[in-house]
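**Student:** One structure coming up, written as structure tokens, with questions to follow.
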Amino acid sequence: MHISEINIYPIKCLKGISLDSSVVEERGLQYDRRWMLTTPDGMFFTQREFPRMATMSVWVEDDGSGLGVAADGFGDVFIPIDSDTEDRQQVTIWQSVCEGKVYGAALNEWFSDVLGTECQLVYMPDDSRRSVNQRFDRGEDVVSFADGYPLLVIGEASLGDLNSRLDEPLPMNRFRPNVVISGSDAFAEDTWKRIRIGDATFRGTKPCERCVVTTIDQSRGDVAGKEPLKTLASFRMAKDVIPDRLDELGMNPTNVLFGQNLIGDTPGVAIKIGDEVEILKVY
């Protein structure tokens, strides 16, 4: 088994970036979801409410000074790696709250114009600590502005199995993984408790619960129908996939699962396309 894709999503819910290599940090891959758009009072934005977010391109400047973002009809903007102000506030992602640095008015106005609603861009500084789910937190495990865990891994064979059941096959970007694996069996990642990728090691937490974002066409930025959730619900509900672990994981029996959430144990180690994947422990 080997890595076939590495993806990061520097600004939560905006378009991802495919990489040849990336450094694993304690919150996830470098730059991954360290930025986020929120309401003025700090509530996070997602593609659920603003599917157009999927079409906004993001890149990391070659000199590492910041990000570039582009939106059709609005040109592009430069975002310095850290906020140009010292304005901080509490921001909310689902049920968790942490501190973010708020960017200045000019950038916030640009994003507000693109999305057609008032919003602000925030950055997670190094001293802002957001813990992962306490069921999997060993005491110092933190996460970026991702929904709940530092990384998401999916096997190519899992998507292949799903696509064999669909009238129209879907691309992997519908599921927004960080790491894609080639050579594994379909849904083998459900059982991965500990894995090694190159020189980096990771802990599996639980299969990823999927939501309506998977129904959004990531190239067009609109809802494309009921798939893949409709088909996934026919054979990938938690009660069918992990019936003996529902209580342990605190999972709803009807959650639809696809992919596995990971926590990195070796911050500072890089992974790259082609790295061998070794399963160290399974559930």
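Chain lettering (A, B, ...) mirrors the order of the structure tokens, residue numbering begins at 1 for each chain separately, and ligand numbering begins at 1 in order of display.
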Could you give me, as a list in words, the residues within 9 Å of range 111-117 of chain A, counting only C-alpha atoms and dropping anything in the same chain fewer than 4 positions from it?
**Tutor:**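 So, after excluding close chain neighbours, the residues are Leu37, Thr39, Phe50, Arg52, Met53, Ala71, Asp72, Gly73, Phe74, Ala106, Leu107 and Leu121 of chain A.
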**Student:** Next, the residues of the selection above should be written as a short mmCIF file (atom, residue, chain, number, x, y, z; two decimals), in the first residue's frame with all heavy atoms.
**Tutor:**
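Below you can see selection.cif, which holds the result:
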data_model
loop_
_atom_site.label_atom_id
_atom_site.label_comp_id
_atom_site.auth_asym_id
_atom_site.auth_seq_id
_atom_site.Cartn_x
_atom_site.Cartn_y
_atom_site.Cartn_z
N LEU A 37 -13.52 31.09 7.74
CA LEU A 37 -14.45 32.20 7.62
C LEU A 37 -15.56 32.03 8.66
O LEU A 37 -16.07 30.93 8.85
CB LEU A 37 -15.06 32.25 6.21
CG LEU A 37 -14.08 32.60 5.10
CD1 LEU A 37 -14.72 32.38 3.73
CD2 LEU A 37 -13.59 34.04 5.22
N THR A 39 -18.96 34.26 10.95
CA THR A 39 -19.79 35.45 11.13
C THR A 39 -19.01 36.44 12.00
O THR A 39 -18.02 36.08 12.64
CB THR A 39 -21.11 35.08 11.84
OG1 THR A 39 -20.78 34.54 13.14
CG2 THR A 39 -21.90 34.06 11.04
N PHE A 50 -23.07 27.80 2.29
CA PHE A 50 -22.46 28.55 1.20
C PHE A 50 -21.66 27.61 0.29
O PHE A 50 -20.43 27.57 0.35
CB PHE A 50 -21.55 29.66 1.76
CG PHE A 50 -22.25 30.63 2.65
CD1 PHE A 50 -22.21 30.48 4.03
CD2 PHE A 50 -22.99 31.68 2.11
CE1 PHE A 50 -22.86 31.38 4.86
CE2 PHE A 50 -23.66 32.57 2.94
CZ PHE A 50 -23.61 32.43 4.31
N ARG A 52 -20.80 27.77 -2.62
CA ARG A 52 -19.85 28.44 -3.52
C ARG A 52 -18.44 28.44 -2.94
O ARG A 52 -17.46 28.59 -3.67
CB ARG A 52 -20.29 29.88 -3.77
CG ARG A 52 -19.37 30.58 -4.74
CD ARG A 52 -19.73 31.98 -5.06
NE ARG A 52 -18.76 32.54 -6.00
CZ ARG A 52 -18.83 33.76 -6.48
NH1 ARG A 52 -19.81 34.56 -6.13
NH2 ARG A 52 -17.90 34.21 -7.31
N MET A 53 -18.30 28.25 -1.63
CA MET A 53 -16.98 28.21 -1.02
C MET A 53 -16.09 27.18 -1.70
O MET A 53 -14.86 27.34 -1.77
CB MET A 53 -17.10 27.92 0.48
CG MET A 53 -17.79 29.01 1.28
SD MET A 53 -18.09 28.54 3.01
CE MET A 53 -16.44 28.76 3.70
N ALA A 71 -11.48 34.12 -6.62
CA ALA A 71 -12.89 33.79 -6.83
C ALA A 71 -13.32 34.38 -8.15
O ALA A 71 -13.00 35.53 -8.46
CB ALA A 71 -13.75 34.35 -5.70
N ASP A 72 -14.05 33.59 -8.94
CA ASP A 72 -14.51 34.06 -10.24
C ASP A 72 -15.29 35.35 -10.10
O ASP A 72 -16.22 35.46 -9.29
CB ASP A 72 -15.40 33.00 -10.89
CG ASP A 72 -14.61 31.79 -11.38
OD1 ASP A 72 -13.37 31.89 -11.44
OD2 ASP A 72 -15.24 30.75 -11.67
N GLY A 73 -14.88 36.36 -10.89
CA GLY A 73 -15.57 37.63 -10.89
C GLY A 73 -15.08 38.60 -9.82
O GLY A 73 -15.51 39.77 -9.81
N PHE A 74 -14.18 38.15 -8.96
CA PHE A 74 -13.72 39.02 -7.87
C PHE A 74 -12.19 39.12 -7.79
O PHE A 74 -11.67 39.76 -6.87
CB PHE A 74 -14.25 38.50 -6.52
CG PHE A 74 -15.73 38.60 -6.38
CD1 PHE A 74 -16.56 37.57 -6.82
CD2 PHE A 74 -16.32 39.73 -5.83
CE1 PHE A 74 -17.93 37.65 -6.69
CE2 PHE A 74 -17.71 39.82 -5.71
CZ PHE A 74 -18.52 38.78 -6.14
N ALA A 106 -10.25 45.16 5.07
CA ALA A 106 -10.17 45.03 3.61
C ALA A 106 -10.37 43.57 3.17
O ALA A 106 -11.15 43.29 2.25
CB ALA A 106 -8.84 45.56 3.10
N LEU A 107 -9.68 42.65 3.83
CA LEU A 107 -9.84 41.23 3.50
C LEU A 107 -11.26 40.76 3.82
O LEU A 107 -11.87 40.03 3.03
CB LEU A 107 -8.83 40.38 4.26
CG LEU A 107 -7.46 40.16 3.62
CD1 LEU A 107 -6.54 39.43 4.57
CD2 LEU A 107 -7.60 39.39 2.31
N LEU A 121 -12.38 36.70 8.19
CA LEU A 121 -11.38 35.65 8.12
C LEU A 121 -10.61 35.61 9.42
O LEU A 121 -10.17 36.65 9.92
CB LEU A 121 -10.43 35.91 6.96
CG LEU A 121 -9.32 34.88 6.74
CD1 LEU A 121 -9.91 33.56 6.25
CD2 LEU A 121 -8.28 35.40 5.75
#
**Student:** With a distance cut-off of 6 Å and only C-alpha atoms, select the neighbouring residues of range 220-229 of chain A, excluding the residue or stretch itself and same-chain residues fewer than 6 positions from it, and output the selection as JSON, numbers by chain.
**Tutor:** {"A": [51, 52, 54, 55]}
**Student:** Go ahead and write the residues just picked, all heavy atoms, as an mmCIF file, in the first residue's frame.
**Tutor:**
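Output below, filename part_22.cif:
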data_model
loop_
_atom_site.group_PDB
_atom_site.id
_atom_site.type_symbol
_atom_site.label_atom_id
_atom_site.label_comp_id
_atom_site.auth_asym_id
_atom_site.auth_seq_id
_atom_site.Cartn_x
_atom_site.Cartn_y
_atom_site.Cartn_z
ATOM 1 N N PRO A 51 -22.351 26.814 -0.541
ATOM 2 C CA PRO A 51 -21.652 25.839 -1.386
ATOM 3 C C PRO A 51 -20.644 26.474 -2.336
ATOM 4 O O PRO A 51 -19.696 25.808 -2.769
ATOM 5 C CB PRO A 51 -22.780 25.134 -2.134
ATOM 6 C CG PRO A 51 -23.968 26.028 -2.012
ATOM 7 C CD PRO A 51 -23.816 26.757 -0.717
ATOM 8 N N ARG A 52 -20.801 27.771 -2.620
ATOM 9 C CA ARG A 52 -19.851 28.441 -3.517
ATOM 10 C C ARG A 52 -18.436 28.436 -2.936
ATOM 11 O O ARG A 52 -17.460 28.594 -3.671
ATOM 12 C CB ARG A 52 -20.292 29.882 -3.770
ATOM 13 C CG ARG A 52 -19.371 30.582 -4.738
ATOM 14 C CD ARG A 52 -19.731 31.984 -5.063
ATOM 15 N NE ARG A 52 -18.761 32.543 -6.001
ATOM 16 C CZ ARG A 52 -18.825 33.761 -6.482
ATOM 17 N NH1 ARG A 52 -19.807 34.555 -6.127
ATOM 18 N NH2 ARG A 52 -17.900 34.207 -7.315
ATOM 19 N N ALA A 54 -16.684 26.091 -2.195
ATOM 20 C CA ALA A 54 -15.924 25.003 -2.816
ATOM 21 C C ALA A 54 -15.165 25.457 -4.053
ATOM 22 O O ALA A 54 -14.161 24.835 -4.438
ATOM 23 C CB ALA A 54 -16.857 23.851 -3.173
ATOM 24 N N THR A 55 -15.617 26.531 -4.708
ATOM 25 C CA THR A 55 -15.015 26.969 -5.973
ATOM 26 C C THR A 55 -13.938 28.025 -5.784
ATOM 27 O O THR A 55 -13.292 28.427 -6.762
ATOM 28 C CB THR A 55 -16.096 27.541 -6.908
ATOM 29 O OG1 THR A 55 -16.615 28.771 -6.356
ATOM 30 C CG2 THR A 55 -17.239 26.550 -7.079
#
**Student:** From the list A:Met36, A:Leu162, A:Ile263, A:Leu257, which residue is nearest Ala186 in chain A when using only C-alpha atoms?
**Tutor:** A:Leu162
**Student:** List every residue of range 36-276 of chain A that DSSP, applied to the backbone of this structure, assigns to strand (DSSP E or B), and report them as a ChimeraX atom specification.
**Tutor:** /A:36-38,43-44,57-60,66-71,75-80,88-93,96-102,120-123,131,142,151-155,179-182,192-197,200-209,216-217,222-223,237,256-264,270-272,276
**Student:** Which of these residues is nearest to Gly259 in chain A, using only C-alpha atoms: A:Ile279, A:Ile154, A:Ala188, A:Leu170?
**Tutor:** A:Ile154
**Student:** At most 10 Å is the cut-off: for each residue in range 171-212 of chain A with any atom that close to an atom of range 135-144 of chain A, write down the nearest atom pair and the distance in Å rounded to one decimal, counting only C-alpha atoms, chain first then increasing number, as JSON lines.
**Tutor:**
{"residue": "A:Arg203", "atom": "CA", "partner": "A:Phe136", "partner_atom": "CA", "distance": 9.3}
{"residue": "A:Gly204", "atom": "CA", "partner": "A:Phe136", "partner_atom": "CA", "distance": 9.2}
{"residue": "A:Thr205", "atom": "CA", "partner": "A:Phe136", "partner_atom": "CA", "distance": 6.4}
{"residue": "A:Lys206", "atom": "CA", "partner": "A:Phe136", "partner_atom": "CA", "distance": 9.1}
**Student:** To one decimal in Å, tell me the separation between CA of Arg33 in chain A and CA of Glu5 in chain A.
**Tutor:**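 Value for the CA of Arg33 in chain A-CA of Glu5 in chain A distance: 17.4 Å.
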**Student:** Pull the alpha helix (DSSP H) assignments for range 38-192 of chain A out of DSSP run on the backbone, and list those residues as a PyMOL selection string.
**Tutor:** chain A and resi 105-115+156-164
**Student:** Which residues are close to Trp94 in chain A, i.e. within 9 Å by only C-alpha atoms, leaving aside same-chain residues fewer than 6 positions away? Reply as a list in words.
**Tutor:** Met43, Phe44, Asp147 and Gly148 of chain A
**Student:** What lies within 12 Å of Arg176 in chain A using only C-alpha atoms, ignoring chain neighbours under 3 positions off, as a PyMOL selection string?
**Tutor:** chain A and resi 5-9+12-18+32-33+54+146-147+151-154+171-173+179-180+208+210-211+213-218+258-261
**Student:** Within 6 Å of range 274-276 of chain A, counting only C-alpha atoms, which residues qualify if same-chain residues fewer than 2 places away don't, as a list of chain:residue names?
**Tutor:**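 Skipping anything fewer than 2 positions along the chain leaves A:Met1, A:His2, A:Ile3, A:Ile197, A:Gly198, A:Lys272.
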**Student:** Please list as a count of residues only every residue within 8 Å of Asp265 in chain A, counting only C-alpha atoms and excluding residues in the same chain fewer than 6 positions away.
**Tutor:** 5
**Student:** Please, what distance in Å, to one decimal, runs between CA of Ser158 in chain A and CA of Phe187 in chain A?
**Tutor:**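 Spanning CA of Ser158 in chain A to CA of Phe187 in chain A is a straight-line distance of 5.0 Å.
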**Student:** Which residues come within 12 Å of range 40-42 of chain A, counting only C-alpha atoms, excluding same-chain residues fewer than 3 positions away, as number ranges by chain?
**Tutor:** A: 36-37, 45, 88-94, 96-103, 105, 108-109, 112, 117-123
**Student:** Write a file of the just-selected residues containing N, CA and C atoms, as a PDB file, in the first residue's frame.
**Tutor:**
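What follows is the written file out36.pdb:
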ATOM      1  N   MET A  36     -10.181  30.219   8.651  1.00  0.00           N
ATOM      2  CA  MET A  36     -11.606  29.894   8.611  1.00  0.00           C
ATOM      3  C   MET A  36     -12.407  31.184   8.436  1.00  0.00           C
ATOM      4  N   LEU A  37     -13.516  31.086   7.735  1.00  0.00           N
ATOM      5  CA  LEU A  37     -14.454  32.203   7.619  1.00  0.00           C
ATOM      6  C   LEU A  37     -15.556  32.033   8.659  1.00  0.00           C
ATOM      7  N   PHE A  45     -18.403  29.254   9.093  1.00  0.00           N
ATOM      8  CA  PHE A  45     -19.132  29.053   7.842  1.00  0.00           C
ATOM      9  C   PHE A  45     -18.760  27.690   7.262  1.00  0.00           C
ATOM     10  N   ARG A  88      -8.326  39.590  18.611  1.00  0.00           N
ATOM     11  CA  ARG A  88      -8.651  38.188  18.842  1.00  0.00           C
ATOM     12  C   ARG A  88     -10.073  38.058  19.361  1.00  0.00           C
ATOM     13  N   GLN A  89     -10.676  36.917  19.075  1.00  0.00           N
ATOM     14  CA  GLN A  89     -11.985  36.638  19.643  1.00  0.00           C
ATOM     15  C   GLN A  89     -12.223  35.139  19.686  1.00  0.00           C
ATOM     16  N   GLN A  90     -13.233  34.741  20.443  1.00  0.00           N
ATOM     17  CA  GLN A  90     -13.614  33.342  20.523  1.00  0.00           C
ATOM     18  C   GLN A  90     -14.391  32.973  19.258  1.00  0.00           C
ATOM     19  N   VAL A  91     -14.024  31.825  18.668  1.00  0.00           N
ATOM     20  CA  VAL A  91     -14.726  31.338  17.483  1.00  0.00           C
ATOM     21  C   VAL A  91     -15.258  29.944  17.767  1.00  0.00           C
ATOM     22  N   THR A  92     -16.338  29.587  17.078  1.00  0.00           N
ATOM     23  CA  THR A  92     -17.039  28.333  17.349  1.00  0.00           C
ATOM     24  C   THR A  92     -17.035  27.434  16.130  1.00  0.00           C
ATOM     25  N   ILE A  93     -16.614  26.168  16.340  1.00  0.00           N
ATOM     26  CA  ILE A  93     -16.688  25.114  15.323  1.00  0.00           C
ATOM     27  C   ILE A  93     -17.473  23.974  15.947  1.00  0.00           C
ATOM     28  N   TRP A  94     -18.710  23.766  15.479  1.00  0.00           N
ATOM     29  CA  TRP A  94     -19.587  22.782  16.097  1.00  0.00           C
ATOM     30  C   TRP A  94     -19.712  23.055  17.599  1.00  0.00           C
ATOM     31  N   SER A  96     -17.215  23.079  19.808  1.00  0.00           N
ATOM     32  CA  SER A  96     -15.963  23.516  20.428  1.00  0.00           C
ATOM     33  C   SER A  96     -15.714  25.000  20.171  1.00  0.00           C
ATOM     34  N   VAL A  97     -15.017  25.612  21.120  1.00  0.00           N
ATOM     35  CA  VAL A  97     -14.707  27.039  21.052  1.00  0.00           C
ATOM     36  C   VAL A  97     -13.209  27.215  21.281  1.00  0.00           C
ATOM     37  N   CYS A  98     -12.591  28.072  20.492  1.00  0.00           N
ATOM     38  CA  CYS A  98     -11.179  28.384  20.683  1.00  0.00           C
ATOM     39  C   CYS A  98     -10.952  29.823  20.240  1.00  0.00           C
ATOM     40  N   GLU A  99      -9.724  30.289  20.358  1.00  0.00           N
ATOM     41  CA  GLU A  99      -9.415  31.675  20.031  1.00  0.00           C
ATOM     42  C   GLU A  99      -8.826  31.786  18.635  1.00  0.00           C
ATOM     43  N   GLY A 100      -9.253  32.797  17.900  1.00  0.00           N
ATOM     44  CA  GLY A 100      -8.709  33.066  16.579  1.00  0.00           C
ATOM     45  C   GLY A 100      -8.318  34.520  16.438  1.00  0.00           C
ATOM     46  N   LYS A 101      -7.351  34.794  15.564  1.00  0.00           N
ATOM     47  CA  LYS A 101      -6.961  36.165  15.250  1.00  0.00           C
ATOM     48  C   LYS A 101      -7.749  36.626  14.032  1.00  0.00           C
ATOM     49  N   VAL A 102      -8.343  37.791  14.112  1.00  0.00           N
ATOM     50  CA  VAL A 102      -9.224  38.307  13.068  1.00  0.00           C
ATOM     51  C   VAL A 102      -8.440  39.217  12.121  1.00  0.00           C
ATOM     52  N   TYR A 103      -8.602  39.003  10.826  1.00  0.00           N
ATOM     53  CA  TYR A 103      -7.934  39.838   9.835  1.00  0.00           C
ATOM     54  C   TYR A 103      -8.624  41.196   9.716  1.00  0.00           C
ATOM     55  N   ALA A 105     -10.185  44.824   7.907  1.00  0.00           N
ATOM     56  CA  ALA A 105     -11.440  45.120   7.218  1.00  0.00           C
ATOM     57  C   ALA A 105     -11.373  44.846   5.720  1.00  0.00           C
ATOM     58  N   ASN A 108     -11.768  41.166   4.941  1.00  0.00           N
ATOM     59  CA  ASN A 108     -13.105  40.723   5.336  1.00  0.00           C
ATOM     60  C   ASN A 108     -14.169  41.231   4.377  1.00  0.00           C
ATOM     61  N   GLU A 109     -13.971  42.440   3.865  1.00  0.00           N
ATOM     62  CA  GLU A 109     -14.924  42.979   2.897  1.00  0.00           C
ATOM     63  C   GLU A 109     -14.875  42.184   1.590  1.00  0.00           C
ATOM     64  N   SER A 112     -16.680  38.959   2.135  1.00  0.00           N
ATOM     65  CA  SER A 112     -18.108  39.256   2.285  1.00  0.00           C
ATOM     66  C   SER A 112     -18.750  39.501   0.929  1.00  0.00           C
ATOM     67  N   THR A 117     -22.563  37.905   1.988  1.00  0.00           N
ATOM     68  CA  THR A 117     -22.997  38.042   3.376  1.00  0.00           C
ATOM     69  C   THR A 117     -21.811  38.490   4.216  1.00  0.00           C
ATOM     70  N   GLU A 118     -22.070  39.172   5.307  1.00  0.00           N
ATOM     71  CA  GLU A 118     -20.983  39.697   6.131  1.00  0.00           C
ATOM     72  C   GLU A 118     -20.223  38.558   6.806  1.00  0.00           C
ATOM     73  N   CYS A 119     -18.920  38.566   6.646  1.00  0.00           N
ATOM     74  CA  CYS A 119     -18.101  37.537   7.269  1.00  0.00           C
ATOM     75  C   CYS A 119     -16.715  38.078   7.575  1.00  0.00           C
ATOM     76  N   GLN A 120     -15.923  37.279   8.256  1.00  0.00           N
ATOM     77  CA  GLN A 120     -14.559  37.657   8.579  1.00  0.00           C
ATOM     78  C   GLN A 120     -13.658  36.443   8.468  1.00  0.00           C
ATOM     79  N   LEU A 121     -12.381  36.698   8.193  1.00  0.00           N
ATOM     80  CA  LEU A 121     -11.381  35.647   8.118  1.00  0.00           C
ATOM     81  C   LEU A 121     -10.611  35.610   9.422  1.00  0.00           C
ATOM     82  N   VAL A 122     -10.456  34.397   9.989  1.00  0.00           N
ATOM     83  CA  VAL A 122      -9.707  34.251  11.230  1.00  0.00           C
ATOM     84  C   VAL A 122      -8.604  33.215  11.031  1.00  0.00           C
ATOM     85  N   TYR A 123      -7.558  33.354  11.840  1.00  0.00           N
ATOM     86  CA  TYR A 123      -6.403  32.460  11.808  1.00  0.00           C
ATOM     87  C   TYR A 123      -6.211  31.850  13.183  1.00  0.00           C
TER      88      TYR A 123
END
**Student:** For Ser234 in chain A, which residue among A:Gly250, A:Ser219, A:Leu166, A:Ser65 is the nearest when counting only C-alpha atoms?
**Tutor:** A:Leu166
**Student:** Kindly indicate which residue among A:Met56, A:Ile273, A:Ile242, A:Val212 lies nearest to Asp190 in chain A, using only C-alpha atoms for the distances.
**Tutor:**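 Using only C-alpha atoms, Asp190 in chain A sits closest to A:Ile242.
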